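Here's the structure, in structure tokens; my notes come after.
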Amino acid sequence: MNKLLVITGPTATGKTVLGLRLAKKYHGEILSADSRQVYKGMDIGTGKDINNFQFTIFNFKKQGEFTYGFYDVGGVKVWGLDIVEPGYPFNVSDYVNYANAILGFVWEQGKLPIIVGGTGQYIKELLLPSETLHLPPDEKLREELNSFTVAQLQERLQRINGAKWEQMNQSDRQNSRRLIRAIEVATAGSDSVQSPTRQERGPEADILLVGLTAPSPVLYERIDKRVEQRFTAGMEEERKKLSGRKLPNTIGYRGETATEWKFAEHAYARRQMTYLKHQLPRIVWFDVTQDSWSAKLERQVGKWYTTKTV
RNA sequence: GCCGAGGUAGCAGAGCGGCCAAAUGCACGGGACUGUAAAUCCCGCGCCCGAAAGGGCUACCCAGGUUCGAAUCCUGGCCUCGGCA
């Protein structure tokens with residue numbers, strides 16, 4: 001049975017370094033799971049620090065506006081980066097399609113795919129796809145709904161799908177983004193024969209999920225240091241280069257000061273932990289401030305890697 | 001030394017006699033998440049008891065005072081900032 005290793009955790013815990021090391025050790029290829037590093041040109045601010053490595057476009061499969069290619073990082077192939085232009089509304093569904101293509105390709109070569117990234121939703125949906133994952137947005141409907149107040153959205157949803165409304169929790173009921181999607185799903189479901197959902201199963205594989213974490217104070221310190229480095233690495237220039245272009249709403253690209261950026265990133269790390277802990281409970285966690293965490297981790301990975309599964 | 005402004009929760013900053021344990025923002029803690037996820041949204045945030053409703057205690061620089069009642073008014077002190085010397 002094919003194997004798939006997943007390395008996740010909040011930002012600034014050293015996922016990339018670990019991924020590269022394990023890729024070398026196990027003859028693997030890395031597949032990034034990062035919702036912002038998929039954008040071309042957003043490099044310094046997203047921590048895509050591979051400017052000196054070569055990017056090779058690999059057109060083994062043509063699909064719309066995606067660029068399939070990899071960076072060669074010291075002999076290790078890294079996929080999942082620079083897929084689209086910043087104006088493209090890349091989303092989970094796109095990621096799952098892209099990732100499945102890469103996984104198949106890597107396995108075909110008899111190599112080990114290693115997913116590395118902190119976008120919990122991308123990993124979760126790849127592994128455990130939900131029914132409406134591939135139900136596309138209805139731009140016209142969204143445009144109309146965008147001018148609605150939360151109360152109006154609530155009313156509309158209650159009218160067209162009361163059951164869905166009942167299921168929603170207090171927080172989602174105040175979340176216009178969620179309300180709009182719920183209305184969108186309900187609308188599609190009612191006027192098409194069957195919802196155009198393409199049910200998908202997660203990859204057939206022996207999967208090991210490891211998570212890297214650290215106590216908040218340590219994490220915050222690391223984040224702060226990274227933000228400082230990004231400014232000295234030329235973040236201002238990158239911002240200037242991208243100014244005027246349509247960018248995805250991203251920390252660090254909204255003109256924040258260093259302090260604002262740090263705080264936003266702290267909160268982001270917290271959200272990541274909450275998501276990963278609860279949505280992907282199978283993760284085996286390693287605190288990178290503990291002694292010999294990496295030896296323990298490698299032992300675990302080694303054991304998993306050599307265990308035959310049918 | 002004189003004149004003016006001011007000292008409020010971790011920070012910034014409202015309040016200017018009762019409705020104030022004190023708006024709001026930030027920070028911080030917890031949570032949600034079925035195609036925007038580095039996004040979006042919810043809850044908490046003086047201390048103690050309680051599941052909650054609620055109750056108790058200590059509070060708005062310090063010390064006095066006025067008042068049924070003071071973060072809010074008065075007096076003195078200490079400190080900070082701006083202007084003049």
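So you can find residues: chains in the structure tokens are A, B, ... in the order shown, residues in each start at 1, and ligands are numbered from 1 in order.
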
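Once stretch 286-293 of chain A and its same-chain neighbours fewer than 6 positions away are set aside, Gly211, Leu212, Thr213 and Ala214 of chain A remain within 7 Å of it when counting only C-alpha atoms (C1' of nucleotides).
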
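Those residues of chain A that fall within 7 Å of chain B when using only C-alpha atoms (C1' of nucleotides) read Arg36, Asn91, Val92, Ser93, Gln121, Ser130, Glu131, Thr132, Leu133, His134, Leu135, Pro136, Pro137, Gln170, Ser171, Asp172, Gln174, Asn175, Arg177, Asn249, Thr250, Ile251 and Tyr268 of chain A.
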
Strand (DSSP E or B) residues, from DSSP on the backbone, in stretch 36-151 of chain A, as a PyMOL selection string:
chain A and resi 39+54-57+69-73+76-79+84+112-116

What does the distance between atom CA of A:Pro129 and atom CA of A:Tyr39 come to in Å, to one decimal place?
23.2 Å

Within 12 Å of A:Tyr98, counting only C-alpha atoms (C1' of nucleotides), which residues qualify if same-chain residues fewer than 2 places away don't, as a ChimeraX atom specification?
/A:31-33,38,60-69,79-81,83-84,90-96,100-105,122,126

Using C-alpha atoms, can you export the residues from the last selection as a short mmCIF file (atom, residue, chain, number, x, y, z; two decimals), in the first residue's frame?
```cif
data_model
loop_
_atom_site.label_atom_id
_atom_site.label_comp_id
_atom_site.auth_asym_id
_atom_site.auth_seq_id
_atom_site.Cartn_x
_atom_site.Cartn_y
_atom_site.Cartn_z
CA LEU A 31 4.07 18.59 -1.56
CA SER A 32 3.37 21.89 0.11
CA ALA A 33 0.02 22.50 1.81
CA VAL A 38 0.65 28.75 -4.16
CA PHE A 60 2.60 16.12 -17.09
CA LYS A 61 -0.94 17.28 -16.91
CA LYS A 62 -2.57 20.37 -18.29
CA GLN A 63 -5.34 21.77 -16.20
CA GLY A 64 -6.76 25.22 -16.62
CA GLU A 65 -4.66 27.96 -15.20
CA PHE A 66 -2.53 25.87 -12.94
CA THR A 67 1.19 25.58 -13.35
CA TYR A 68 2.46 22.20 -12.35
CA GLY A 69 6.06 22.44 -11.39
CA TRP A 79 5.61 20.75 -5.34
CA GLY A 80 2.64 22.94 -4.58
CA LEU A 81 4.34 26.30 -4.97
CA ILE A 83 0.68 27.36 -8.99
CA VAL A 84 -1.30 30.46 -9.91
CA PHE A 90 -7.44 29.45 -5.52
CA ASN A 91 -9.36 27.35 -3.03
CA VAL A 92 -9.52 24.01 -1.26
CA SER A 93 -11.12 22.25 -4.17
CA ASP A 94 -8.31 23.41 -6.44
CA TYR A 95 -5.79 22.25 -3.93
CA VAL A 96 -7.30 18.81 -3.57
CA ASN A 100 -4.17 14.28 -5.91
CA ALA A 101 -2.48 14.68 -9.26
CA ILE A 102 0.91 15.09 -7.62
CA LEU A 103 0.37 12.26 -5.17
CA GLY A 104 -0.46 9.88 -8.00
CA PHE A 105 2.58 10.99 -9.89
CA TYR A 122 -6.33 21.80 2.73
CA LEU A 126 -7.52 16.12 0.88
#
```

As a PDB file with N, CA and C atoms (P, O5', C5', C4', C3', O3' and C1' of nucleotides), in the first residue's frame, please: the residues near B:A23 (cut-off 10 Å, only C-alpha atoms (C1' of nucleotides), same-chain neighbours under 5 positions excluded).
```pdb
ATOM      1  P     G B  13      -3.294  57.453  24.930  1.00  0.00           P
ATOM      2  O5'   G B  13      -4.860  57.173  24.863  1.00  0.00           O
ATOM      3  C5'   G B  13      -5.576  57.340  23.633  1.00  0.00           C
ATOM      4  C4'   G B  13      -7.006  56.913  23.830  1.00  0.00           C
ATOM      5  C3'   G B  13      -7.782  57.688  24.885  1.00  0.00           C
ATOM      6  O3'   G B  13      -8.294  58.896  24.340  1.00  0.00           O
ATOM      7  C1'   G B  13      -8.142  55.376  25.201  1.00  0.00           C
ATOM      8  P     A B  14      -9.182  59.904  25.295  1.00  0.00           P
ATOM      9  O5'   A B  14     -10.588  59.152  25.315  1.00  0.00           O
ATOM     10  C5'   A B  14     -11.638  59.640  26.103  1.00  0.00           C
ATOM     11  C4'   A B  14     -12.869  58.808  25.823  1.00  0.00           C
ATOM     12  C3'   A B  14     -14.022  59.090  26.779  1.00  0.00           C
ATOM     13  O3'   A B  14     -14.775  60.193  26.299  1.00  0.00           O
ATOM     14  C1'   A B  14     -13.708  56.757  26.579  1.00  0.00           C
ATOM     15  P     G B  15     -15.033  61.472  27.260  1.00  0.00           P
ATOM     16  O5'   G B  15     -15.913  60.814  28.417  1.00  0.00           O
ATOM     17  C5'   G B  15     -17.171  60.209  28.098  1.00  0.00           C
ATOM     18  C4'   G B  15     -17.574  59.286  29.220  1.00  0.00           C
ATOM     19  C3'   G B  15     -17.800  59.962  30.567  1.00  0.00           C
ATOM     20  O3'   G B  15     -19.188  60.286  30.691  1.00  0.00           O
ATOM     21  C1'   G B  15     -16.453  57.996  30.828  1.00  0.00           C
TER      22        G B  15
END
```
